[in-house]
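Asker: I'd like to ask some things about the structure below.
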Amino acid sequence: MSHTTNNPDLKPSKAELVISKGWVQGVALVMVFGFFVMGFLAYRTYTDSMPLPRQATSQAGDVIYTQEQITSGQEIFLRRGLQQYGSIMGHGGYLGPDYTAEYLRLSSEHVTEALRDQGVQDPTASTVEHMRENRYDETTGVLTLTPEQVSAFEEIKQHYADFFGTPTTEHGLIPSKITDPQQIHDLTSFFAWTAWAAAAERPGHEYSYTNNWPAEPRVANAPTADILVWSAMSLVALLAGLGLLFAIYGRWSKKIGWQSSEMPSLSFLQPGKVGITKAQKATAWFFLVVSLLFLIQSTLGAAVEHYRVELSGFFGLDLAQLLPFNLSRTWHVQLSLLWTAAAFLAAAIFLAPIISGREPKRQHWLAYGLLGALAIVVVGMLGGTAISTFGPAWAANGSIFFDQQWEYLDLPRFFQILLVIGLFLWILIIYRAIRSRLRTESKFNMPWLFFYAGLAIPAFYAVGLLATNETHLTVAEFWRFWVVHLWVEDFLELFTTVMVAYIFVMLGVVRRKIAIQLIFMDVILYSAGGVIGTMHHLYFSGTPVEHMALGAFFSALEVIPLTFLTVEAWSFLQLGSQQESRSSAPFPHRWAVMFLVAVGFWNFVGAGVFGFLINLPIVSYYQIGTALTANHAHGSMMGVYGMLAVGMALFALRYIIKPERWPDKLAKLSFWCLNIGLAWMVFATLLPLGVLQLWHSVNDGYFEARTLGYITEPGNVILEWMRMPGDVIFLVGGILPFVWITWLGVRHAIPATVTAMEPETLFVIESAEAREDRTGVAPAPGRYASDRRIAEAHRPADDFPGGDPT
């Protein structure tokens with residue numbers, strides 16, 4: 001590790017890599033292998049996905065629909081926010097039907113009735129033959145439909161005209177949502193294409209392009225051998241991986257994981273005695289915005305939930321007139337991504353000057369500028385998606401400023417690009433703050449790891465730009481889930497691990513070497529399964545079967561690092577208390593650390609248990625798009641990234657807020673209420689609802705389990721109402737105290753007086769011997785003759801009669 005100095009003629013020496021190169025080689029091997037396989041799967045996605053016909057014709061040659069009309073229907077489906085109402089090929093909202101399954105059911109029933117009217121002796125078997133025979137000509141790009149399929153298309157087109165043209169809010173949508181006959185035709189064409197791919201057999205195989213999804217006995221869709229075999233192989237991979245993990249942990253448990261530093265007693269610098277920079281003070285505004293977005297997002301979540309018990313009423317108010325289900329869910333999902341990401345950006349800005357030991361001039365203005373850009377993206381997303389959902393006549397042709405996109409990437413194209421630019425500007429802000437430190441460090445020491453992990457955030461979010469509204473459905477799903485899975489579940493996870501490890505190093509809790517080892521272990525464990533495991537989202541999206549095989553096998557390995565975190569949770573919890581017992585001053589971050597402990601719990605339960613529950617191909621086959629998916633999403637997104645965002649905010653605000661104004665009881669209240677409310681949400685409502693819906697799907701049919709009739713059955717409605725106490729606890733007891741704490745950060749912040757500091761020792765007073773023990777580097781000659789001078793180097797300038805000692 002290098003040392004800064006007040007003497008410009010004294011150039012710091014460059015720190016060497018403090019861990020074995022084997023760790024670096026391990027990460028390189030995992031990354032090269034993972035992304036090589038992903039490159040192969042990308043090639044196969046483009047070359048062997050379900051075909052998009054140039055046109056679909058009758059046997060007489062009449063054109064029923066064209067490729068352009070299918071694409072137009074896809075654009076209408078996305079633009080009007082219908083993927084946030086129902087789903088297509090299993091992916092989307094959970095209130096409306098899955099349109100692939102619905103069209104397949106309606107068309108197969110129509111074909112059966114038509115054949116029966118023609119006097120066919122066994123219309124059921126003939127229906128299977130009609131629907132499964134692949135009449136697509138790869139040479140001409142023409143799909144030939146039977147007369148029965150053509151008449152089914154016309155009948156179903158009228159069905160959707162009636163459904164989307166309903167002049168009331170009885171479906172949770174705005175009245176008369178889509179009435180243009182051409183738009184209804186194109187929308188029906190899009191649904192018809194996906195339903196054809198779900199039944200027509202892939203050339204050379206006895207299963208459909210979607211691996212026989214959805215389960216539909218009317219077209220002989222049932223689980224394939226691949227679904228069953230790779231579900232079994234997933235379990236084998238999980239058991240083998242867990243056995244290997246515990247074998248390694250048993251052998252080297254004292255050398256891996258969150259190991260405490262055996263150092264002489266340290267003294268925690270107390271809030272008010274730690275100076276902050278102008279950019280660090282600016283993060284208080286970030287956290288205030290984060291808390292307000294969190295409040296709005298959760299309130300919208302309550303509205304989304306209420307639609308499942310009252311479709312056209314909200315305690316007497318016809319809410320869908322102003323805030324239809326699909327718009328409220330769009331805002332709910334987008335804000336969940338934006339507020340957590342904004343908290344991570346702010347936490348990184350707060351940590352940057354501590355890492356580097358200095359803050360560049362006017363860094364705070366760049367921070368405020370980034371906050372302004374975030375505000376533009378939020379307002380643009382809210383306004384643009386509202387215009388897209390309501391679809392006024394002047395917006396009929398769409399625009400990059402208000403066309404809603406794929407689920408999770410809903411924000412209009414212009415604001416998606418603006419967000420990508422903003423994220424890259426953020427990493428430039430971080431680089432500007434730490435570049436002097438980067439020059440003095442090995443390329444794989446902690447400052448560089450912090451930079452690499454930060455750079456991955458804009459890089460992998462930018463991949464979502466490849467999924468446009470006009471992109472082939474299967475290809476768009478491939479790239480979309482790079483964001484949903486790789487960005488969220490792998491690289492955000494890595495960035496949070498780096499930040500948490502850095503904080504514990506700064507608090508003198510762990511050695512720098514141990515922290516770096518932990519980061520590399522995190523990369524290896526998460527990426528070994530997480531990169532290729534992305535494909536578990538694409539089992540039934542029209543991809544070749546190898547996507548299922550590899551996705552199922554490697555996604556099972558994702559549970560292993562989460563199990564490791566659970567095993568290490570007790571050590572993690574003890575770190576702060578162990579250090580506090582050696583300190584002459586109180587540990588100031590009890591509740592921030594408790595939120596980090598909660599992250600470990602929800603990582604295992606929400607991401608691990610709930611995620612593995614739905615990732616097995618045979619389970620996913622019946623449950624995709626049900627409440628079990630929502631259960632996993634809430635347990636992992638809020639439980640992991642939400643709790644972490646709040647914990648990082650409390651860590652920073654503890655130093656920003658004047659000590660006499662710090663509301664420790666409110667931090668405690670927020671912690672318990674957020675966790676109790678989330679646990680109530682998943683265990684009292686979402687999990688039992690999902691299990692019942694899964695049973696109904698297996699026993700009665702996937703189509704039946706996704707209908708409004710089933711969702712609004714009395715037993716389900718009771719379970720939905722049971723969620724209300726948890727929501728109240730979560731909103732009132734959890735979020736409102738957090739909002740107040742962030743307001744104190746703006747209203748009662750200490751003055752920003754520090755521009756330079758000793759890197760990585762801001763939060764503790766340590767002797768030269770303790771510092772050398774922690775970093776492995778001897779102090780530079782003449783540096784800090786006493787502990788008192790170390791403390792003074794980090795105190796605000798106004799503590800000294802002569803001003804800032806730095």
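In the structure tokens, chains take letters A, B, ... by order of appearance, with residues numbered from 1 within each chain and ligands from 1 in the order shown.
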With only C-alpha atoms as the counted atoms, please give the residues lying no more than 10 Å from Glu359 (chain A), apart from itself and same-chain residues fewer than 6 positions off, as a PyMOL selection string.

Answerer: chain A and resi 277-280+352-353+432-434+754-757

Asker: Kindly provide the residues of region 134-197 of chain A that approach region 382-393 of chain A to within 9 Å, each paired with its closest atom pair and their distance in Å to one decimal, based on only C-alpha atoms, listed by chain and increasing number, as a Markdown table.

Answerer:
```
| residue | atom | partner | partner_atom | distance |
| --- | --- | --- | --- | --- |
| A:Ile174 | CA | A:Phe390 | CA | 7.4 |
| A:Lys177 | CA | A:Phe390 | CA | 7.4 |
| A:Ile178 | CA | A:Gly391 | CA | 8.6 |
```

Asker: Can you work out which one of A:Arg511, A:His485, A:Arg308, A:Arg79 has the shortest atom-to-atom distance to Tyr526 (chain A), counting only C-alpha atoms?

Answerer: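 For Tyr526 (chain A), the nearest of the candidates is A:His485.
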
Asker: Taking only C-alpha atoms into account, which of A:Leu466, A:Met535, A:Leu736, A:Leu686 comes nearest Met722 (chain A)?

Answerer: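 Distance minimum relative to Met722 (chain A) lands on A:Leu686.
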
Asker: Among the residues of region 248-454 of chain A, find those DSSP assigns to strand (DSSP E or B) from the backbone and print them as an MDAnalysis selection string.

Answerer: chainID A and resid 267:268 276 314 317 358
